[in-house]
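Student: So I've got this file, target.cif, and it contains mmCIF, C-alpha atoms:
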data_structure
loop_
_atom_site.label_atom_id
_atom_site.label_comp_id
_atom_site.auth_asym_id
_atom_site.auth_seq_id
_atom_site.Cartn_x
_atom_site.Cartn_y
_atom_site.Cartn_z
CA MET A 1 3.58 -34.46 45.63
CA ASP A 2 6.45 -32.04 46.19
CA ILE A 3 8.04 -33.08 42.92
CA ILE A 4 4.80 -32.40 40.99
CA ALA A 5 4.46 -29.01 42.69
CA ASP A 6 8.08 -28.20 41.85
CA ILE A 7 7.58 -29.14 38.19
CA GLU A 8 4.40 -27.06 38.01
CA PHE A 9 6.21 -24.11 39.59
CA SER A 10 9.13 -24.49 37.14
CA VAL A 11 6.83 -24.63 34.12
CA LEU A 12 4.91 -21.56 35.23
CA LEU A 13 8.15 -19.71 35.97
CA LEU A 14 9.46 -20.65 32.52
CA ILE A 15 6.27 -19.40 30.86
CA LYS A 16 6.40 -16.20 32.90
CA VAL A 17 10.04 -15.42 32.05
CA ALA A 18 9.56 -16.32 28.37
CA THR A 19 6.40 -14.18 28.12
CA LEU A 20 7.99 -11.17 29.80
CA LEU A 21 11.13 -11.43 27.65
CA PHE A 22 8.99 -11.73 24.52
CA LEU A 23 6.91 -8.70 25.52
CA ILE A 24 10.02 -6.58 26.19
CA PHE A 25 11.37 -7.42 22.74
CA TYR A 26 7.92 -6.82 21.31
CA LEU A 27 7.83 -3.35 22.85
CA VAL A 28 11.13 -2.58 21.11
CA PHE A 29 9.62 -3.90 17.87
CA ALA A 30 6.56 -1.66 18.35
CA GLY A 31 8.96 1.28 18.75
CA VAL A 32 10.68 0.29 15.48
CA VAL A 33 7.25 0.21 13.80
CA ILE A 34 6.62 3.81 14.90
CA LYS A 35 10.03 4.88 13.58
CA GLN A 36 9.56 3.00 10.30
CA THR A 37 6.07 4.44 9.84
CA LYS A 38 7.55 7.91 10.26
CA ILE A 39 10.13 7.14 7.55
CA MET A 40 7.42 5.70 5.27
CA THR A 41 5.18 8.75 5.64
CA GLU A 42 8.14 11.01 4.89
CA THR A 43 8.92 8.96 1.77
CA ILE A 44 5.44 9.23 0.34
CA GLN A 45 2.51 11.41 1.34
CA VAL A 46 -0.99 10.64 0.16
CA GLY A 47 -3.04 12.43 2.81
CA PHE A 48 -3.41 9.51 5.22
CA GLU A 49 -0.25 10.05 7.24
CA ASN A 50 -1.82 11.01 10.57
CA SER A 51 -4.06 7.93 10.62
CA ILE A 52 -1.12 5.64 9.83
CA LYS A 53 1.01 7.21 12.56
CA ALA A 54 -1.91 6.94 15.01
CA LEU A 55 -2.27 3.25 14.11
CA ALA A 56 1.42 2.60 14.86
CA PHE A 57 1.15 4.54 18.12
CA ILE A 58 -1.97 2.62 19.23
CA HIS A 59 -0.08 -0.60 18.49
CA PHE A 60 2.79 0.59 20.73
CA ILE A 61 0.35 1.52 23.53
CA PHE A 62 -1.32 -1.91 23.23
CA ALA A 63 2.10 -3.60 23.52
CA PHE A 64 2.92 -1.50 26.56
CA ILE A 65 -0.41 -2.30 28.26
CA VAL A 66 0.06 -6.04 27.67
CA LEU A 67 3.59 -5.89 29.13
CA PHE A 68 2.30 -3.92 32.12
CA LEU A 69 -0.52 -6.42 32.69
CA ALA A 70 1.88 -9.36 32.34
CA VAL A 71 4.18 -7.89 34.98
CA ILE A 72 1.25 -7.44 37.37
CA VAL A 73 -0.74 -10.59 36.66
CA LEU A 74 1.96 -13.24 36.15
CA MET B 1 -6.85 1.54 -33.33
CA PRO B 2 -9.43 1.11 -30.57
CA ASP B 3 -9.21 3.84 -28.00
CA VAL B 4 -8.88 2.23 -24.57
CA PHE B 5 -9.54 5.56 -22.92
CA ASN B 6 -13.03 5.61 -24.39
CA SER B 7 -13.93 2.26 -22.88
CA ILE B 8 -15.47 3.68 -19.72
CA LYS B 9 -18.52 5.17 -21.39
CA LYS B 10 -19.28 5.25 -25.08
CA ASN B 11 -21.89 7.93 -25.32
CA ALA B 12 -20.27 10.61 -23.26
CA LYS B 13 -21.83 14.03 -23.20
CA GLU B 14 -19.87 17.18 -22.83
CA MET B 15 -20.43 18.61 -19.41
CA THR B 16 -20.63 22.22 -18.44
CA LEU B 17 -18.99 23.70 -15.41
CA SER B 18 -19.95 27.11 -14.06
CA GLY B 19 -21.63 27.96 -17.29
CA THR B 20 -18.56 27.30 -19.44
CA LYS B 21 -17.86 24.25 -21.57
CA SER B 22 -15.66 21.69 -19.87
CA LYS B 23 -12.34 20.64 -21.37
CA ILE B 24 -13.19 16.99 -20.86
CA PRO B 25 -16.18 14.95 -21.92
CA GLU B 26 -18.03 13.18 -19.13
CA ASN B 27 -16.54 9.89 -17.93
CA LYS B 28 -13.72 10.03 -20.43
CA ILE B 29 -9.99 10.23 -19.90
CA PRO B 30 -8.43 12.68 -22.36
CA GLU B 31 -6.57 10.95 -25.14
CA LYS B 32 -3.49 13.13 -24.98
CA VAL B 33 -1.35 13.39 -21.89
CA GLY B 34 -0.97 17.09 -22.64
CA GLU B 35 -4.74 17.53 -22.21
CA LEU B 36 -4.56 15.50 -19.02
CA LYS B 37 -1.76 17.66 -17.64
CA SER B 38 -3.66 20.82 -18.49
CA LEU B 39 -6.38 19.70 -16.05
CA ILE B 40 -3.97 19.74 -13.09
CA GLY B 41 -5.07 22.38 -10.63
CA SER B 42 -8.50 22.88 -12.22
CA SER B 43 -11.74 21.75 -10.64
CA GLU B 44 -12.45 19.54 -13.66
CA VAL B 45 -9.88 17.07 -12.51
CA HIS B 46 -12.34 15.85 -9.85
CA LYS B 47 -14.73 14.70 -12.59
CA LEU B 48 -12.15 12.52 -14.31
CA PRO B 49 -12.85 8.80 -14.25
CA GLY B 50 -10.07 7.21 -12.24
CA HIS B 51 -9.51 10.31 -10.15
CA SER B 52 -10.03 9.47 -6.50
CA HIS B 53 -10.03 11.28 -3.17
CA ASN B 54 -9.75 8.03 -1.27
CA PRO B 55 -6.23 7.72 0.19
CA LEU B 56 -6.62 3.92 0.01
CA ALA B 57 -7.47 3.93 -3.70
CA SER B 58 -5.40 1.57 -5.80
CA PHE B 59 -5.72 3.67 -8.97
CA SER B 60 -5.79 7.44 -8.83
CA LEU B 61 -5.45 9.61 -11.89
CA LEU B 62 -4.03 13.08 -11.21
CA PRO B 63 -4.18 12.57 -7.43
CA ASP B 64 -4.61 15.71 -5.32
CA LYS B 65 -2.31 15.29 -2.35
CA VAL B 66 0.45 12.96 -3.51
CA SER B 67 4.04 13.93 -2.97
CA PHE B 68 7.15 11.84 -2.53
CA VAL B 69 10.78 12.07 -1.52
CA ASN B 70 13.17 13.61 -4.09
CA GLU B 71 10.27 15.08 -6.03
CA ASP B 72 11.18 17.76 -8.53
CA PRO B 73 9.15 20.93 -7.77
CA GLN B 74 8.03 21.10 -11.42
CA GLU B 75 7.18 17.42 -11.61
CA LYS B 76 3.50 16.54 -11.95
CA VAL B 77 2.09 13.25 -10.68
CA ILE B 78 -0.06 11.71 -13.39
CA LEU B 79 -0.96 8.39 -11.84
CA LEU B 80 -0.67 6.67 -8.46
CA MET B 81 -1.19 2.93 -8.24
CA ARG B 82 -1.17 0.17 -5.69
CA LYS B 83 -1.91 -3.51 -5.92
CA HIS B 84 -5.60 -4.23 -6.49
CA PRO B 85 -7.46 -4.45 -3.14
CA ILE B 86 -8.47 -8.04 -3.87
CA THR B 87 -4.79 -9.04 -3.49
CA ASN B 88 -5.25 -8.39 0.24
CA LEU B 89 -7.77 -11.19 0.52
CA GLY B 90 -5.09 -13.78 1.42
CA TRP B 91 -3.73 -12.02 4.47
CA ILE B 92 -7.18 -10.81 5.54
CA SER B 93 -8.34 -14.45 5.60
CA ILE B 94 -5.29 -15.45 7.67
CA ALA B 95 -5.93 -12.51 10.04
CA PHE B 96 -9.54 -13.62 10.46
CA LEU B 97 -8.38 -17.15 11.35
CA LEU B 98 -5.84 -15.73 13.80
CA ILE B 99 -8.56 -13.63 15.46
CA ILE B 100 -10.95 -16.54 15.97
CA ALA B 101 -8.23 -19.12 16.72
CA PRO B 102 -8.10 -18.62 20.55
CA PHE B 103 -11.75 -19.69 20.84
CA PHE B 104 -10.91 -23.05 19.25
CA LEU B 105 -7.32 -23.53 20.42
CA ALA B 106 -8.41 -23.43 24.06
CA VAL B 107 -10.28 -26.69 23.49
CA PHE B 108 -7.45 -28.56 21.74
CA THR B 109 -4.34 -27.29 23.55
CA PRO B 110 -3.03 -27.62 27.12
CA LEU B 111 -3.82 -23.92 27.63
CA GLU B 112 -6.73 -25.02 29.82
CA LEU B 113 -4.26 -26.55 32.29
CA LEU B 114 -2.71 -23.17 33.00
CA PRO B 115 -4.05 -20.79 35.65
CA SER B 116 -6.62 -18.32 34.32
CA ASP B 117 -4.21 -15.37 34.75
CA TYR B 118 -1.72 -17.05 32.45
CA GLN B 119 -4.46 -17.91 29.96
CA PHE B 120 -5.56 -14.28 29.89
CA VAL B 121 -2.05 -12.87 29.30
CA LEU B 122 -1.18 -15.50 26.68
CA THR B 123 -4.40 -14.69 24.81
CA LEU B 124 -3.44 -11.01 24.85
CA VAL B 125 0.02 -11.93 23.53
CA TRP B 126 -1.67 -13.89 20.73
CA TYR B 127 -3.74 -10.84 19.76
CA LEU B 128 -0.63 -8.68 19.96
CA ILE B 129 1.08 -10.91 17.39
CA THR B 130 -2.10 -10.84 15.28
CA SER B 131 -2.15 -7.04 15.38
CA ALA B 132 1.51 -6.93 14.29
CA PHE B 133 0.71 -9.24 11.38
CA ILE B 134 -2.26 -7.13 10.27
CA LEU B 135 -0.32 -3.87 10.66
CA GLU B 136 2.67 -5.11 8.68
CA GLU B 137 0.58 -6.56 5.86
CA PHE B 138 -1.52 -3.42 5.61
CA LEU B 139 1.49 -1.09 5.64
CA SER B 140 3.28 -3.22 3.05
CA TRP B 141 0.28 -2.89 0.74
CA PHE B 142 -0.37 0.76 1.48
CA PHE B 143 3.20 1.93 0.95
CA HIS B 144 4.01 -0.29 -2.03
CA VAL B 145 3.08 2.30 -4.63
CA ASN B 146 3.84 2.92 -8.26
CA ILE B 147 3.89 6.48 -9.46
CA ILE B 148 3.94 7.85 -12.97
CA THR B 149 4.89 11.49 -13.27
CA ASP B 150 5.38 13.55 -16.41
CA GLU B 151 9.13 12.95 -16.11
CA ARG B 152 9.66 9.48 -14.69
CA ILE B 153 8.23 6.30 -13.26
CA ILE B 154 8.80 5.44 -9.62
CA GLU B 155 8.31 2.26 -7.66
CA VAL B 156 8.30 2.50 -3.86
CA ASP B 157 8.49 -0.90 -2.25
CA PHE B 158 8.26 -1.63 1.46
CA ALA B 159 8.81 -5.36 1.49
CA ASN B 160 8.62 -5.37 5.27
CA LEU B 161 8.90 -2.95 8.14
CA VAL B 162 12.67 -2.68 8.02
CA TYR B 163 13.30 -2.73 4.27
CA ARG B 164 12.39 -0.16 1.64
CA GLU B 165 13.41 0.20 -1.98
CA ILE B 166 12.77 3.14 -4.27
CA THR B 167 13.37 2.60 -7.97
CA ASP B 168 12.92 5.22 -10.66
CA ALA B 169 13.57 5.62 -14.35
CA ASN B 170 13.09 8.56 -16.68
CA ILE B 171 10.27 8.36 -19.19
CA ASP B 172 12.75 8.66 -22.09
CA GLN B 173 14.60 5.59 -20.77
CA ILE B 174 11.56 3.36 -21.21
CA GLN B 175 12.18 0.89 -24.01
CA ASP B 176 9.35 -1.54 -23.81
CA VAL B 177 6.07 -1.86 -21.90
CA THR B 178 4.38 -5.23 -21.46
CA VAL B 179 0.93 -5.76 -20.00
CA GLU B 180 0.36 -9.13 -18.33
CA VAL B 181 -3.18 -10.11 -17.37
CA GLY B 182 -3.49 -13.80 -16.57
CA GLY B 183 -5.92 -15.88 -14.58
CA THR B 184 -9.64 -15.79 -14.06
CA LEU B 185 -9.66 -13.35 -11.16
CA ARG B 186 -7.34 -10.87 -12.89
CA THR B 187 -9.30 -11.02 -16.11
CA PHE B 188 -12.62 -10.68 -14.30
CA LEU B 189 -11.51 -7.77 -12.09
CA HIS B 190 -9.30 -6.26 -14.77
CA PHE B 191 -5.97 -5.97 -13.06
CA GLY B 192 -2.51 -7.21 -13.95
CA ASN B 193 1.19 -6.51 -14.17
CA VAL B 194 2.79 -3.79 -16.23
CA VAL B 195 6.39 -4.74 -16.97
CA ILE B 196 8.58 -1.84 -18.08
CA GLN B 197 11.96 -2.49 -19.66
CA THR B 198 14.25 0.49 -19.25
CA ALA B 199 17.65 1.63 -20.43
CA SER B 200 18.57 2.74 -16.91
CA GLU B 201 20.72 0.83 -14.41
CA ILE B 202 17.69 -1.11 -13.26
CA PRO B 203 16.62 -2.83 -16.48
CA LYS B 204 13.11 -3.76 -15.38
CA ILE B 205 10.46 -2.06 -13.29
CA GLU B 206 7.31 -4.00 -12.61
CA PHE B 207 4.00 -2.53 -11.51
CA GLU B 208 2.44 -5.56 -9.87
CA ALA B 209 -1.29 -6.34 -9.93
CA VAL B 210 -2.33 -2.79 -10.76
CA PRO B 211 -5.90 -2.00 -11.88
CA ASN B 212 -6.51 -0.99 -15.52
CA PRO B 213 -3.11 -2.10 -16.84
CA ASP B 214 -4.11 -1.19 -20.41
CA ASN B 215 -4.74 2.41 -19.41
CA VAL B 216 -1.39 2.49 -17.61
CA ALA B 217 0.40 1.26 -20.74
CA LYS B 218 -1.49 3.81 -22.83
CA ILE B 219 -0.50 6.68 -20.53
CA LEU B 220 3.13 5.52 -20.60
CA ARG B 221 3.06 5.41 -24.40
CA GLU B 222 1.60 8.92 -24.58
CA LEU B 223 4.21 10.20 -22.15
CA ARG B 224 7.00 8.68 -24.23
CA ILE B 225 5.65 10.32 -27.38
CA GLU B 226 5.40 13.65 -25.58
CA GLU B 227 8.91 13.30 -24.19
CA GLU B 228 10.27 12.61 -27.68
CA GLN B 229 8.46 15.66 -29.02
CA GLU B 230 9.97 17.76 -26.23
CA LYS B 231 13.40 16.42 -27.14
CA HIS B 232 12.93 17.37 -30.79
CA GLU B 233 11.74 20.82 -29.82
CA GLY B 234 14.55 21.23 -27.28
CA ARG B 235 12.16 21.64 -24.34
CA VAL B 236 13.65 18.87 -22.20
CA ARG B 237 13.99 19.77 -18.52
#
Let me see the structure of the file written as structure tokens.
Tutor:
Amino acid sequence: MDIIADIEFSVLLLIKVATLLFLIFYLVFAGVVIKQTKIMTETIQVGFENSIKALAFIHFIFAFIVLFLAVIVL
Amino acid sequence: MPDVFNSIKKNAKEMTLSGTKSKIPENKIPEKVGELKSLIGSSEVHKLPGHSHNPLASFSLLPDKVSFVNEDPQEKVILLMRKHPITNLGWISIAFLLIIAPFFLAVFTPLELLPSDYQFVLTLVWYLITSAFILEEFLSWFFHVNIITDERIIEVDFANLVYREITDANIDQIQDVTVEVGGTLRTFLHFGNVVIQTASEIPKIEFEAVPNPDNVAKILRELRIEEEQEKHEGRVR
């Protein structure tokens, strides 16, 4: 029974570490998206720039919330 | 020669604006680019077929708010194009499947064996990846634009979030324009590729899946004629 419990613990720990690592990298990626969106909107302006920037920012906030939740919940 | 610019409405009536006769007939793109350029800044431009105030439009004649990097202050944007909206159908379908997938995957995968906290976070991670996919596909479409100005043609390509390519060629460097419309969907919805052979360092610029490719080719031809006339008259900028 101890062996099964150990395996279960290891699997959950593995999932937790992998998820947190992924979410940290994802947060960096979301930051890159904001930066790239800024470059894109400077390259071409068609009158939709604020909405596009807001979209990228919401995406970053979403990534941050998921990381925060993962740290608390897992 | 059939006039492709007259194809929108045959029996166009001349419209009046503020009591004076308009420069353009209703629902008709002026034949000469010079006439088209003379509309820039006037209120009549808003009545032009193909002119759009929608920032997501894939074909906008004499757009109001368009500007781009390295733009010459005297340069006038004649046409802004993107891929036809129907070309987004592929990734929108994938996005839809990604959105509904967690409801079905939970039944077929060992996700059920995990504690509910883990299930919740992993589902959020799934939707995070889905949102990244949607955002990247949308931005790639939105920022992949083709611009025709009175001086040059420009292609802005954002292949992905970390790669961009801006190609331009002067109007007088255009050697050959080919319109490619193939397939049922493209014929039915009237969009296709406009392949432009140039004498610049980049020998070929391709406007992919743009709406009204015939009109695009016509505008390019008119611009080339006008540019040649300017050369003869010594009015080249």
Student: I need the residue nearest chain A from this list: B:Ile99, B:Ala57, B:Ile205, B:Ile219. Use only C-alpha atoms for the distance.
Tutor: B:Ala57
Student: Compile the residues of chain A that lie within 10 Å of chain B, evaluated using all atoms listed in the file, and express the compilation as number ranges by chain.
Tutor: A: 8, 11-12, 15-16, 19, 22-23, 26, 29-30, 32-37, 39-49, 52, 55-56, 59-60, 62-63, 65-67, 69-74
Student: Figure out the distance between atom CA of B:Phe207 and atom CA of B:Glu151, please, to one decimal in Å.
Tutor: 16.9 Å
Student: Can you spell out as a PyMOL selection string the set of residues that the PyMOL selection byres ((chain B and resi 182) around 12) selects in the structure I just provided?
Tutor: chain B and resi 179-181+183-194+209+213
Student: Using 5 Å of padding on each side, determine the axis-aligned box around all atoms of stretch 113-129 of chain B present in the file and give its centre and edge lengths in Å to one decimal, as lines of an AutoDock Vina configuration file.
Tutor:
center_x = -2.8
center_y = -17.6
center_z = 26.5
size_x = 17.7
size_y = 27.9
size_z = 28.3
Student: Translate the PyMOL selection byres ((chain B and resi 147) around 9) into a concrete residue list for this structure, as a PyMOL selection string.
Tutor: chain B and resi 77-82+145-146+148-149+152-156
Student: How many Å lie between atom CA of B:Val210 and atom CA of B:Lys83, rounded to one decimal?
Tutor: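 Those two atoms sit 4.9 Å apart.
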Student: Between B:Leu105, B:Arg221, B:Ile174, B:Phe96, which residue has the minimum interatomic distance to B:Glu201, considering only C-alpha atoms?
Tutor: B:Ile174
Student: Using Å and a single decimal, report how far atom CA of B:Ser93 sits from atom CA of A:Gly31.
Tutor: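 Interatomic distance, atom CA of A:Gly31 to atom CA of B:Ser93: 26.8 Å.
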Student: Smallest atom-to-atom distance to B:Thr130: which of B:Leu62, B:Leu113, B:Ile94, B:Asn88, using only C-alpha atoms?
Tutor: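 With only C-alpha atoms as the atom set, the closest residue is B:Ile94.
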Student: Measuring between only C-alpha atoms, which one of B:Asp72, B:Glu233, B:Glu208, B:Glu222 shows the shortest distance to B:His84?
Tutor: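 Under the stated criterion, the closest residue is B:Glu208.
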